[in-house]
file query.cif (mmCIF, C-alpha atoms and all ligand atoms)
data_structure
loop_
_atom_site.group_PDB
_atom_site.id
_atom_site.type_symbol
_atom_site.label_atom_id
_atom_site.label_comp_id
_atom_site.auth_asym_id
_atom_site.auth_seq_id
_atom_site.Cartn_x
_atom_site.Cartn_y
_atom_site.Cartn_z
ATOM 1 C CA ILE A 1 0.000 0.000 0.000
ATOM 2 C CA THR A 2 1.344 3.456 -0.833
ATOM 3 C CA LEU A 3 0.035 6.575 0.824
ATOM 4 C CA ASN A 4 -0.251 9.952 -0.797
ATOM 5 C CA PRO A 5 2.484 11.670 1.199
ATOM 6 C CA GLU A 6 1.399 15.154 0.164
ATOM 7 C CA ARG A 7 -1.235 15.552 2.851
ATOM 8 C CA LEU A 8 -0.701 14.542 6.446
ATOM 9 C CA GLY A 9 -3.226 13.500 9.063
ATOM 10 C CA SER A 10 -5.527 10.579 9.698
ATOM 11 C CA LYS A 11 -5.769 7.950 6.968
ATOM 12 C CA MET A 12 -7.818 4.817 6.709
ATOM 13 C CA LEU A 13 -5.929 1.842 5.312
ATOM 14 C CA LYS A 14 -8.009 -0.893 3.715
ATOM 15 C CA ALA A 15 -6.771 -4.274 2.539
ATOM 16 C CA ARG A 16 -8.462 -7.419 1.238
ATOM 17 C CA ILE A 17 -6.742 -10.567 2.341
ATOM 18 C CA ILE A 18 -7.387 -14.273 1.931
ATOM 19 C CA TYR A 19 -7.749 -15.854 5.346
ATOM 20 C CA ASP A 20 -8.735 -19.480 5.775
ATOM 21 C CA ASP A 21 -9.693 -19.576 2.072
ATOM 22 C CA LYS A 22 -12.084 -16.675 2.552
ATOM 23 C CA GLU A 23 -11.587 -13.106 1.365
ATOM 24 C CA VAL A 24 -11.841 -10.626 4.223
ATOM 25 C CA GLU A 25 -11.416 -6.886 4.395
ATOM 26 C CA ILE A 26 -9.322 -5.352 7.129
ATOM 27 C CA THR A 27 -9.194 -1.656 7.913
ATOM 28 C CA LYS A 28 -6.808 0.264 10.089
ATOM 29 C CA SER A 29 -6.741 3.939 10.900
ATOM 30 C CA ILE A 30 -3.288 5.511 11.064
ATOM 31 C CA LYS A 31 -1.969 9.012 11.584
ATOM 32 C CA VAL A 32 0.656 10.365 9.232
ATOM 33 C CA LEU A 33 2.477 13.092 11.176
ATOM 34 C CA ALA A 34 4.973 15.794 10.227
ATOM 35 C CA GLU A 35 8.625 14.832 10.018
ATOM 36 C CA LYS A 36 10.033 17.670 12.075
ATOM 37 C CA PRO A 37 8.854 19.509 15.194
ATOM 38 C CA PRO A 38 7.692 23.110 14.620
ATOM 39 C CA SER A 39 10.334 25.838 14.829
ATOM 40 C CA ILE A 40 9.914 28.509 17.462
ATOM 41 C CA TYR A 41 9.410 32.030 16.103
ATOM 42 C CA THR A 42 9.580 35.281 18.029
ATOM 43 C CA TYR A 43 8.049 38.654 17.294
ATOM 44 C CA GLU A 44 8.986 42.291 17.634
ATOM 45 C CA VAL A 45 6.350 45.030 17.862
ATOM 46 C CA ILE A 46 7.361 47.805 15.473
ATOM 47 C CA ASN A 47 4.200 49.958 15.651
ATOM 48 C CA THR A 48 1.031 50.204 17.709
ATOM 49 C CA TYR A 49 -2.160 51.639 16.220
ATOM 50 C CA PRO A 50 -5.621 52.321 17.674
ATOM 51 C CA HIS A 51 -8.306 49.641 17.217
ATOM 52 C CA ASP A 52 -12.049 49.762 17.980
ATOM 53 C CA ILE A 53 -12.360 48.439 21.549
ATOM 54 C CA ASN A 54 -15.930 47.276 20.818
ATOM 55 C CA ALA A 55 -14.961 45.178 17.777
ATOM 56 C CA PHE A 56 -15.267 41.443 18.481
ATOM 57 C CA THR A 57 -12.693 40.895 15.735
ATOM 58 C CA GLN A 58 -13.091 37.846 13.511
ATOM 59 C CA GLY A 59 -11.609 38.429 10.025
ATOM 60 C CA LEU A 60 -8.678 40.734 9.256
ATOM 61 C CA GLU A 61 -7.034 41.211 5.855
ATOM 62 C CA PHE A 62 -5.425 43.964 3.782
ATOM 63 C CA TYR A 63 -6.602 44.558 0.239
ATOM 64 C CA ASN A 64 -5.216 47.461 -1.812
ATOM 65 C CA GLY A 65 -3.825 49.043 1.355
ATOM 66 C CA VAL A 66 -7.188 49.036 3.157
ATOM 67 C CA LEU A 67 -7.800 46.896 6.213
ATOM 68 C CA TYR A 68 -10.950 44.780 5.899
ATOM 69 C CA GLU A 69 -12.305 43.627 9.241
ATOM 70 C CA SER A 70 -15.303 41.541 10.232
ATOM 71 C CA THR A 71 -16.780 41.304 13.710
ATOM 72 C CA GLY A 72 -18.893 38.731 15.537
ATOM 73 C CA ILE A 73 -21.583 38.418 18.248
ATOM 74 C CA LYS A 74 -25.242 38.409 17.210
ATOM 75 C CA GLY A 75 -26.490 41.967 16.913
ATOM 76 C CA GLU A 76 -22.925 43.346 16.723
ATOM 77 C CA SER A 77 -21.687 41.573 13.594
ATOM 78 C CA SER A 78 -20.297 43.754 10.834
ATOM 79 C CA LEU A 79 -18.046 44.062 7.828
ATOM 80 C CA ARG A 80 -15.894 47.173 7.725
ATOM 81 C CA LYS A 81 -13.112 48.916 5.911
ATOM 82 C CA VAL A 82 -10.693 50.512 8.324
ATOM 83 C CA ASP A 83 -7.878 53.042 8.039
ATOM 84 C CA PHE A 84 -5.362 51.060 10.071
ATOM 85 C CA GLU A 85 -3.231 54.046 11.091
ATOM 86 C CA THR A 86 -6.062 55.948 12.772
ATOM 87 C CA GLY A 87 -8.419 53.044 13.457
ATOM 88 C CA LYS A 88 -11.137 55.076 11.725
ATOM 89 C CA ILE A 89 -13.975 53.053 10.179
ATOM 90 C CA LEU A 90 -14.198 54.184 6.549
ATOM 91 C CA GLN A 91 -17.268 52.144 5.636
ATOM 92 C CA GLN A 92 -19.390 49.593 7.482
ATOM 93 C CA ILE A 93 -22.317 47.292 6.903
ATOM 94 C CA ASP A 94 -24.083 45.415 9.688
ATOM 95 C CA LEU A 95 -25.156 41.799 9.450
ATOM 96 C CA ASP A 96 -28.659 40.676 10.299
ATOM 97 C CA ALA A 97 -28.967 40.377 14.097
ATOM 98 C CA THR A 98 -29.657 36.627 13.789
ATOM 99 C CA LEU A 99 -26.144 36.070 12.362
ATOM 100 C CA PHE A 100 -22.760 35.735 14.076
ATOM 101 C CA GLY A 101 -20.076 37.161 11.778
ATOM 102 C CA GLU A 102 -16.837 35.219 11.285
ATOM 103 C CA GLY A 103 -13.738 35.269 9.034
ATOM 104 C CA LEU A 104 -13.255 37.078 5.745
ATOM 105 C CA THR A 105 -10.957 37.108 2.741
ATOM 106 C CA VAL A 106 -10.775 39.356 -0.341
ATOM 107 C CA LEU A 107 -10.063 38.012 -3.837
ATOM 108 C CA ASP A 108 -10.652 39.637 -7.252
ATOM 109 C CA ASN A 109 -12.468 42.557 -5.655
ATOM 110 C CA LYS A 110 -14.886 40.294 -3.807
ATOM 111 C CA VAL A 111 -15.137 39.987 -0.032
ATOM 112 C CA TYR A 112 -16.065 36.496 1.171
ATOM 113 C CA LEU A 113 -17.489 36.457 4.687
ATOM 114 C CA LEU A 114 -18.480 33.539 6.912
ATOM 115 C CA THR A 115 -21.004 33.225 9.700
ATOM 116 C CA TRP A 116 -20.393 30.898 12.621
ATOM 117 C CA GLN A 117 -23.173 28.316 13.018
ATOM 118 C CA SER A 118 -25.837 29.256 10.479
ATOM 119 C CA GLY A 119 -24.012 27.481 7.632
ATOM 120 C CA LEU A 120 -24.174 30.643 5.562
ATOM 121 C CA GLY A 121 -21.560 32.801 3.853
ATOM 122 C CA PHE A 122 -21.836 36.033 1.854
ATOM 123 C CA VAL A 123 -20.055 37.727 -1.033
ATOM 124 C CA TYR A 124 -19.717 41.526 -1.267
ATOM 125 C CA ASN A 125 -18.249 43.979 -3.729
ATOM 126 C CA ALA A 126 -14.949 45.065 -2.110
ATOM 127 C CA ASP A 127 -15.401 48.736 -3.107
ATOM 128 C CA SER A 128 -19.036 49.364 -2.271
ATOM 129 C CA LEU A 129 -19.576 46.539 0.285
ATOM 130 C CA GLU A 130 -22.772 45.808 -1.604
ATOM 131 C CA LYS A 131 -23.897 42.199 -1.163
ATOM 132 C CA THR A 132 -23.592 40.288 -4.443
ATOM 133 C CA GLY A 133 -24.220 36.706 -3.353
ATOM 134 C CA SER A 134 -24.496 34.096 -0.636
ATOM 135 C CA PHE A 135 -23.454 30.458 -0.204
ATOM 136 C CA THR A 136 -23.895 27.525 2.122
ATOM 137 C CA TYR A 137 -21.260 25.159 3.505
ATOM 138 C CA GLY A 138 -20.670 21.622 2.309
ATOM 139 C CA LYS A 139 -19.089 19.055 4.614
ATOM 140 C CA SER A 140 -17.221 21.576 6.748
ATOM 141 C CA LYS A 141 -18.845 22.090 10.120
ATOM 142 C CA GLU A 142 -18.902 25.754 11.022
ATOM 143 C CA GLY A 143 -17.595 29.040 9.681
ATOM 144 C CA TRP A 144 -14.438 30.217 11.450
ATOM 145 C CA GLY A 145 -11.512 31.685 9.437
ATOM 146 C CA LEU A 146 -10.830 32.408 5.762
ATOM 147 C CA CYS A 147 -7.826 33.320 3.589
ATOM 148 C CA ASN A 148 -6.790 32.791 -0.040
ATOM 149 C CA ASN A 149 -3.753 32.119 -2.218
ATOM 150 C CA GLY A 150 -5.035 34.030 -5.259
ATOM 151 C CA LYS A 151 -6.732 30.918 -6.682
ATOM 152 C CA GLU A 152 -8.555 29.132 -3.924
ATOM 153 C CA LEU A 153 -9.970 29.945 -0.515
ATOM 154 C CA PHE A 154 -8.944 28.208 2.719
ATOM 155 C CA LYS A 155 -11.552 27.828 5.451
ATOM 156 C CA SER A 156 -11.196 26.743 9.075
ATOM 157 C CA ASP A 157 -14.205 25.277 10.882
ATOM 158 C CA GLY A 158 -12.998 24.616 14.444
ATOM 159 C CA SER A 159 -11.915 21.078 13.646
ATOM 160 C CA GLU A 160 -8.457 19.730 12.733
ATOM 161 C CA LYS A 161 -9.205 20.383 9.055
ATOM 162 C CA ILE A 162 -8.591 23.337 6.756
ATOM 163 C CA TRP A 163 -10.913 23.201 3.746
ATOM 164 C CA LEU A 164 -10.175 24.318 0.200
ATOM 165 C CA LEU A 165 -12.974 26.185 -1.566
ATOM 166 C CA ASN A 166 -13.436 27.130 -5.194
ATOM 167 C CA PRO A 167 -14.043 30.921 -5.246
ATOM 168 C CA GLU A 168 -16.321 30.640 -8.295
ATOM 169 C CA ASN A 169 -19.009 28.475 -6.717
ATOM 170 C CA LEU A 170 -17.768 28.095 -3.120
ATOM 171 C CA SER A 171 -17.764 24.296 -3.394
ATOM 172 C CA GLU A 172 -15.419 22.433 -1.045
ATOM 173 C CA THR A 173 -12.799 20.787 -3.238
ATOM 174 C CA GLY A 174 -10.793 19.115 -0.455
ATOM 175 C CA TYR A 175 -9.117 19.604 2.902
ATOM 176 C CA PHE A 176 -5.911 19.010 4.744
ATOM 177 C CA THR A 177 -5.299 18.256 8.408
ATOM 178 C CA THR A 178 -3.117 20.376 10.703
ATOM 179 C CA VAL A 179 -0.476 18.188 12.362
ATOM 180 C CA THR A 180 2.859 18.414 14.116
ATOM 181 C CA ASN A 181 5.375 15.581 14.460
ATOM 182 C CA LYS A 182 3.547 14.592 17.664
ATOM 183 C CA SER A 183 -0.180 14.955 17.066
ATOM 184 C CA VAL A 184 -3.151 16.369 15.190
ATOM 185 C CA PHE A 185 -4.167 19.913 16.181
ATOM 186 C CA ASN A 186 -7.576 21.573 15.959
ATOM 187 C CA LYS A 187 -9.197 24.991 16.443
ATOM 188 C CA THR A 188 -7.263 27.080 13.943
ATOM 189 C CA ASN A 189 -9.287 30.269 13.719
ATOM 190 C CA GLU A 190 -8.347 33.434 11.833
ATOM 191 C CA LEU A 191 -6.101 32.704 8.851
ATOM 192 C CA GLU A 192 -3.638 34.542 6.630
ATOM 193 C CA TYR A 193 -1.940 33.143 3.534
ATOM 194 C CA VAL A 194 1.636 34.274 2.764
ATOM 195 C CA ASP A 195 4.028 32.493 0.351
ATOM 196 C CA GLY A 196 2.721 28.958 0.620
ATOM 197 C CA LYS A 197 2.137 29.100 4.375
ATOM 198 C CA ILE A 198 -0.977 29.764 6.392
ATOM 199 C CA TYR A 199 -0.574 31.830 9.552
ATOM 200 C CA ALA A 200 -3.369 30.796 11.876
ATOM 201 C CA ASN A 201 -4.214 31.906 15.332
ATOM 202 C CA VAL A 202 -5.551 29.217 17.572
ATOM 203 C CA TRP A 203 -8.837 29.854 19.323
ATOM 204 C CA GLN A 204 -8.424 30.710 23.029
ATOM 205 C CA LYS A 205 -4.643 30.474 22.823
ATOM 206 C CA PRO A 206 -2.271 33.438 22.577
ATOM 207 C CA SER A 207 -0.394 31.603 19.852
ATOM 208 C CA MET A 208 -0.150 31.434 16.102
ATOM 209 C CA MET A 209 0.842 28.491 13.933
ATOM 210 C CA ILE A 210 2.661 28.576 10.616
ATOM 211 C CA ILE A 211 1.157 25.775 8.539
ATOM 212 C CA ASP A 212 2.328 24.459 5.183
ATOM 213 C CA ALA A 213 -0.660 25.106 2.909
ATOM 214 C CA LYS A 214 -0.180 21.832 0.974
ATOM 215 C CA SER A 215 0.684 19.180 3.539
ATOM 216 C CA GLY A 216 -0.882 20.677 6.671
ATOM 217 C CA ALA A 217 2.415 20.357 8.589
ATOM 218 C CA ILE A 218 2.679 22.877 11.415
ATOM 219 C CA GLU A 219 6.174 24.197 10.728
ATOM 220 C CA GLY A 220 6.320 27.060 13.194
ATOM 221 C CA VAL A 221 4.708 28.439 16.338
ATOM 222 C CA ILE A 222 4.728 31.977 17.695
ATOM 223 C CA ASN A 223 3.862 32.815 21.292
ATOM 224 C CA PHE A 224 2.057 36.168 21.394
ATOM 225 C CA SER A 225 1.149 35.987 25.082
ATOM 226 C CA GLY A 226 2.864 39.317 25.831
ATOM 227 C CA LEU A 227 0.418 41.342 23.738
ATOM 228 C CA LYS A 228 -2.783 41.040 25.761
ATOM 229 C CA ASN A 229 -1.150 42.831 28.729
ATOM 230 C CA ARG A 230 -0.372 45.791 26.505
ATOM 231 C CA VAL A 231 -4.012 46.614 25.660
ATOM 232 C CA LYS A 232 -6.609 48.359 27.821
ATOM 233 C CA GLN A 233 -7.862 45.869 30.435
ATOM 234 C CA HIS A 234 -11.660 45.697 30.811
ATOM 235 C CA SER A 235 -14.350 43.173 31.688
ATOM 236 C CA LYS A 236 -15.204 42.236 28.068
ATOM 237 C CA LEU A 237 -11.580 41.841 26.962
ATOM 238 C CA ASP A 238 -11.262 38.624 24.947
ATOM 239 C CA VAL A 239 -8.664 36.501 23.144
ATOM 240 C CA LEU A 240 -5.991 37.258 20.555
ATOM 241 C CA ASN A 241 -7.665 37.064 17.161
ATOM 242 C CA GLY A 242 -6.891 38.490 13.765
ATOM 243 C CA VAL A 243 -3.770 38.316 11.640
ATOM 244 C CA ALA A 244 -3.253 40.301 8.442
ATOM 245 C CA TYR A 245 -0.136 40.546 6.262
ATOM 246 C CA HIS A 246 0.775 43.856 4.657
ATOM 247 C CA PRO A 247 2.720 42.915 1.496
ATOM 248 C CA GLU A 248 4.287 46.340 0.826
ATOM 249 C CA ARG A 249 5.519 46.699 4.397
ATOM 250 C CA GLY A 250 6.414 43.012 4.774
ATOM 251 C CA THR A 251 4.893 42.996 8.258
ATOM 252 C CA PHE A 252 2.035 41.325 10.080
ATOM 253 C CA PHE A 253 -0.762 43.077 11.959
ATOM 254 C CA VAL A 254 -2.352 41.314 14.918
ATOM 255 C CA THR A 255 -5.111 42.243 17.316
ATOM 256 C CA GLY A 256 -7.743 40.616 19.514
ATOM 257 C CA LYS A 257 -11.435 40.602 20.315
ATOM 258 C CA ARG A 258 -12.256 43.925 21.969
ATOM 259 C CA TRP A 259 -8.614 44.992 22.019
ATOM 260 C CA ASN A 260 -8.032 48.735 21.727
ATOM 261 C CA LYS A 261 -4.771 48.200 19.850
ATOM 262 C CA LEU A 262 -3.556 46.791 16.565
ATOM 263 C CA PHE A 263 0.070 45.682 16.644
ATOM 264 C CA GLU A 264 2.387 45.748 13.647
ATOM 265 C CA VAL A 265 4.943 43.000 14.168
ATOM 266 C CA LYS A 266 7.951 41.443 12.536
ATOM 267 C CA ILE A 267 8.232 37.699 12.925
ATOM 268 C CA LYS A 268 11.521 35.838 12.915
ATOM 269 C CA LYS A 269 12.865 32.418 13.628
ATOM 270 C CA LYS A 270 14.395 32.160 17.101
HETATM 271 N N1 LIG B 1 -15.447 31.402 17.069
HETATM 272 O O1 LIG B 1 -15.212 32.580 16.557
HETATM 273 C C1 LIG B 1 -14.220 30.927 17.677
HETATM 274 C C2 LIG B 1 -15.837 30.486 16.037
HETATM 275 C C3 LIG B 1 -16.527 31.478 18.017
HETATM 276 C C4 LIG B 1 -16.349 32.499 19.069
HETATM 277 C C5 LIG B 1 -17.485 32.410 20.022
HETATM 278 C C6 LIG B 1 -17.325 33.268 21.185
HETATM 279 C C7 LIG B 1 -18.503 33.118 22.075
HETATM 280 C C8 LIG B 1 -19.030 34.416 22.500
HETATM 281 C C9 LIG B 1 -20.286 34.321 23.300
HETATM 282 C C10 LIG B 1 -21.474 33.937 22.470
HETATM 283 C C11 LIG B 1 -22.746 34.312 23.101
HETATM 284 C C12 LIG B 1 -23.877 33.700 22.334
HETATM 285 CA CA CA B 2 -6.464 37.266 7.997
#

call {"tool": "encode", "arguments": {"input": "query.cif", "output": "structure tokens", "more": "lines below"}}
Ligand code: DDQ
Ligand code: CA
result
Amino acid sequence: ITLNPERLGSKMLKARIIYDDKEVEITKSIKVLAEKPPSIYTYEVINTYPHDINAFTQGLEFYNGVLYESTGIKGESSLRKVDFETGKILQQIDLDATLFGEGLTVLDNKVYLLTWQSGLGFVYNADSLEKTGSFTYGKSKEGWGLCNNGKELFKSDGSEKIWLLNPENLSETGYFTTVTNKSVFNKTNELEYVDGKIYANVWQKPSMMIIDAKSGAIEGVINFSGLKNRVKQHSKLDVLNGVAYHPERGTFFVTGKRWNKLFEVKIKKK
């Protein structure tokens, strides 16, 4: 039996054998893990910008120099364009109060936005934020994070899988599993695609993973636990969430749910 080594994770092996003159099928589940442990990365804060303290940040991505941000919580969910330097909201649309906004990504002037548990996503014109379409999920469970590589979308759903979606019709064309050399990991949340890797923050952890976007191998981890202490402390303060890459500056921007700051950081291998 040969395994497709491109994608890691759980595999089901099936074999038909002759036993006592009878043909029987045997199955065995195995886990194909990454070869190497993840490398440790560190970060340096190079700038701090204001961020809406009320925003329950879900999606974060730059497109043509503008920061696109989506927020969650029913009745507070929105899609906005933000001037990252001042934190000023340039344009905003609110989601129906029955929906819980989740991740977003922008491709070919279209914003794709997920909702959490209603199985529903939306498409908007990136300039006007006018709604141009909607879609439902296939086999993926919930709507968590989104990013894209210029051709396909990547979607997290709270499980150990990252799904690939066709941007034309939003069909799920496959998935890969996020694994280290030791085990399978779940709960990747907000995503960002840069040069063949997906930067993913992990729900309820102050950490980010660097995942190979083909195999699913977790190649790096970054501990951002120092950042939450640097924002205004208040009773509704929530977890680190939101990572956006700025290609012209070559830096990452990270924030959290109801954080009053957006941090511009440089990431490097320890
Ligand atoms: N998710 O973004 C990680 C997918 C879900 C975040 C859910 C946070 C719960 C907030 C409280 C909900 C009250 C109905
Ligand atoms: Ca992002």

call {"tool": "residues_near_ligand", "arguments": {"input": "query.cif", "ligand": "ligand CA 2 (chain B)", "cutoff": "6 Å", "atoms": "all atoms listed in the file", "output": "list in words"}}
result
Gly59, Leu60, Glu61, Glu190, Leu191, Glu192, Gly242, Val243 and Ala244 of chain A

call {"tool": "residues_around", "arguments": {"input": "query.cif", "residues": "Ala213 (chain A)", "least_positions_apart": "2", "cutoff": "7 Å", "atoms": "only C-alpha atoms", "output": "list of chain:residue names"}}
result
A:Gly196, A:Lys197, A:Ile198, A:Ile211, A:Ser215, A:Gly216

call {"tool": "write_last_selection", "arguments": {"input": "query.cif", "atoms": "C-alpha atoms", "output": "tab-separated table (two decimals), in the coordinates of the input"}}
result
chain	number	residue	atom	x	y	z
A	196	GLY	CA	2.72	28.96	0.62
A	197	LYS	CA	2.14	29.10	4.38
A	198	ILE	CA	-0.98	29.76	6.39
A	211	ILE	CA	1.16	25.78	8.54
A	215	SER	CA	0.68	19.18	3.54
A	216	GLY	CA	-0.88	20.68	6.67

call {"tool": "residues_near_ligand", "arguments": {"input": "query.cif", "ligand": "ligand LIG 1 (chain B)", "cutoff": "10 Å", "atoms": "all atoms listed in the file", "output": "PyMOL selection string"}}
result
chain A and resi 56-59+71-74+100-103+114-117+142-145+156-158+187-190+202-204+238-239+241+257

call {"tool": "atom_distance", "arguments": {"input": "query.cif", "atom1": "CA of Met12 (chain A)", "atom2": "CA of Val179 (chain A)"}}
result
16.3 Å

call {"tool": "closest_residue", "arguments": {"input": "query.cif", "among": "A:Tyr193, A:Gly119, A:Ala126, A:Phe185", "to": "Leu153 (chain A)", "atoms": "only C-alpha atoms"}}
result
A:Tyr193

call {"tool": "residues_around", "arguments": {"input": "query.cif", "residues": "Val106 (chain A)", "least_positions_apart": "4", "cutoff": "10 Å", "atoms": "all atoms listed in the file", "output": "VMD selection string"}}
result
chain A and resid 60 to 64 68 110 to 113 123 to 126 146 to 148 150 153
